[in-house]
2 protein chains.
Amino acid sequence: MADILIIEDDTVIAGSLSNYLKSEGYSVRTAPGQREGLRLFRETPPDCVLLDVSLADGNGFSVCTAIRSSSEIPVIFLTASADEACTVAGFEVGADDYISKPFRPRELAARIRNVLRRRSSAPKILRCQNITLDPSKALVMKNNQEVFLSALEYRLLLLFLSNPGQLISRDRIADELWTISGEFIGDNTLNVYMKRLRDKIEDDPQNPVIIKTIRGLGYKAAES
Amino acid sequence: MADILIIEDDTVIAGSLSNYLKSEGYSVRTAPGQREGLRLFRETPPDCVLLDVSLADGNGFSVCTAIRSSSEIPVIFLTASADEACTVAGFEVGADDYISKPFRPRELAARIRNVLRRRSSAPKILRCQNITLDPSKALVMKNNQEVFLSALEYRLLLLFLSNPGQLISRDRIADELWTISGEFIGDNTLNVYMKRLRDKIEDDPQNPVIIKTIRGLGYKAAES
DNA sequence: CAGATTTGTAATACAGCTGAAACAGAATTG
DNA sequence: CAATTCTGTTTCAGCTGTATTACAAATCTG
């Protein structure tokens with residue numbers, strides 16, 4: 001999941017923050033001061049920075065300015081007091097949000113999700129041989145040429161490409177595709193759909209490469 | 001300067017807020033409840049909404065959800081207490097920020113500047129084929145000729161143009177357009193609206209190009 | 001309040017998807 | 001190698017999902 005950089009000189013706070021965020025599934029790095037913080041930032045830009053206003057080797061505003069000079073990565077200020085001047089100054093140097101100690105963990109998590117949501121739009125595209133499937137667009141391409149699948153054919157292909165190299169039993173397929181409506185279907189129906197799908201995505205449907213039959217066990221999509 | 005809509009049922013607070021923000025150079029409108037607030041919002045979308053959590057005719061969260069269904073205009077929640085549950089719930093429905101009473105004026109102003117800065121970086125006009133939609137003006141043009149859409153048609157188009165190339169399921173559309181009031185609508189109603197919209201924006205409504213049907217999955221707007 | 005517009009529902013039409021039947025072929029079994 | 005089981009292939013009737021039209025109720029506007 002997202003990578004968060006904490007720049008905070010109080011090691012107790014940094015540690016507890018780090019633990020909490022790791023428990024939420026984030027990967028976390030910490031730095032005790034601006035020098036180290038900026039070094040880590042440049043080494044591998046994180047997805048979000050939590051920045052203490054008062055650092056031992058300088059204040060957080062200059063760090064934020066430095067980050068903003070090269071990046072739009074979200075910065076959330078941490079401060080000991082709800083001091084208004086700090087808040088304003090923080091926003092002036094381009095902070096994305098501001099939260100004062102002591103932190104309410106769920107609020108912090110919510111604010112992090114919030115700033116990350118604004119930036120995140122990473123489309124994951126499934127690939128297998130010369131086939132690609134973009135779930136967010138329901139778009140299937142074969143050799144960069146769009147392939148038009150029916151809804152069931154699409155869901156069938158999606159099931160396989162989501163589990164590359166995995167054996168998938170006929171029962172499992174039937175469940176995933178048809179249990180939606182609770183109904184059960186004839187036994188050969190699945191064969192028919194396999195053929196329909198293969199006719200559209202395989203170069204040689206008689207000798208399938210993308211989805212192979214494992215007789216007696218099920219089917220298996222090729223890896224990558 | 002920027003236009004701010006305050007939705008707040010306490011007229012004293014609304015009045016003082018309004019005065020202060022006007023003195024800062026903003027143009028301000030106020031609404032005492034969600035119904036009037038959403039009407040003003042749709043009438044002329046503001047640049048930012050200040051939204052009281054507890055309104056006489058319902059809570060602010062549903063208003064925020066309603067706003068988010070058709071717009072990315074920043075929403076800042078106002079609350080009497082620094083209650084954490086409120087804060088989290090506010091962010092969950094897509095709030096941009098959160099501030100508790102009593103307000104420190106400069107902080108409020110800074111937060112408003114902050115959310116405005118985030119959005120103003122992109123003067124966004126949505127385009128798709130020969131259609132353009134300017135959210136800030138609620139203006140839709142086809143071949144540089146204004147097209148007059150009803151509120152629902154507009155929100156429907158906005159939903160699609162905000163997600164070009166993306167598959168949008170019928171369920172999602174129903175949620176985004178009609179869950180505002182929690183009511184559920186008949187199944188064909190959406191079909192009817194798709195037709196009405198297509199009749200107004202497509203050159204050949206029978207063979208739609210802007211918004212295509214993906215049978216069994218949903219609809220999809222063309223990219224760019 | 002009258003007229004116009006918008007909104008939701010019902011009725012109908014229809015393309016093409018869906019599921020099953022029937023048959024063919026291939027792999028496995030004894 | 002025959003019998004059996006599993007999978008592939010073709011075909012087609014019926015149905016589902018979407019489009020279309022028409023209309024009543026609700027809402028807006030002057």
# chains A, B, ... in the order shown; residues from 1 in each chain; ligands from 1

call {"tool": "calpha_fit_rmsd", "arguments": {"fixed": "chain B", "moving": "chain A"}}
result
18.0 Å

call {"tool": "select_by_dssp", "arguments": {"residues": "region 74-217 of chain A", "states": "helix (DSSP H, G or I)", "output": "PyMOL selection string"}}
result
chain A and resi 84-92+105-119+151-161+170-181+189-201

call {"tool": "residues_around", "arguments": {"residues": "region 8-24 of chain C", "least_positions_apart": "2", "cutoff": "10 Å", "atoms": "only C-alpha atoms (C1' of nucleotides)", "output": "NGL selection string"}}
result
(:A and (150-152 or 185-190 or 192-193)) or (:B and (185-190 or 192 or 215-216)) or (:C and (6 or 26)) or (:D and (8-26))

call {"tool": "atom_distance", "arguments": {"atom1": "CA of Arg170 (chain B)", "atom2": "CA of Asn191 (chain B)"}}
result
9.4 Å

call {"tool": "atom_distance", "arguments": {"atom1": "CA of Ser70 (chain A)", "atom2": "CA of Arg111 (chain B)"}}
result
22.8 Å

call {"tool": "select_by_dssp", "arguments": {"residues": "region 28-164 of chain B", "states": "strand (DSSP E)", "output": "ChimeraX atom specification"}}
result
/B:28-31,48-52,54-55,58-59,75-79,97-100,126-128,131-134,139-142,145-147

call {"tool": "atom_distance", "arguments": {"atom1": "CA of Ser18 (chain A)", "atom2": "CA of Lys124 (chain A)"}}
result
27.9 Å

call {"tool": "closest_residue", "arguments": {"among": "B:Leu126, B:Ala222, B:Val209, B:Leu133", "to": "chain A", "atoms": "only C-alpha atoms"}}
result
B:Ala222

call {"tool": "interface_residues", "arguments": {"of": "chain A", "to": "chain B", "cutoff": "9 Å", "atoms": "only C-alpha atoms", "output": "VMD selection string"}}
result
chain A and resid 84 to 85 87 to 89 91 to 92 94 to 97 104 106 to 111 113 to 115 135 to 139 150 to 152

call {"tool": "residues_around", "arguments": {"residues": "Ala66 (chain B)", "least_positions_apart": "4", "cutoff": "12 Å", "atoms": "only C-alpha atoms (C1' of nucleotides)", "output": "list in words"}}
result
Gln34, Arg35, Gly37, Leu38, Arg39, Phe41, Arg42, Asn59, Gly60, Phe61, Ser62, Ser70, Ser71, Glu72, Ile73, Val75, Val93, Gly94, Ala95, Arg155, Asp175, Glu176, Leu177, Trp178, Thr179, Ile180, Ser181 and Gly182 of chain B
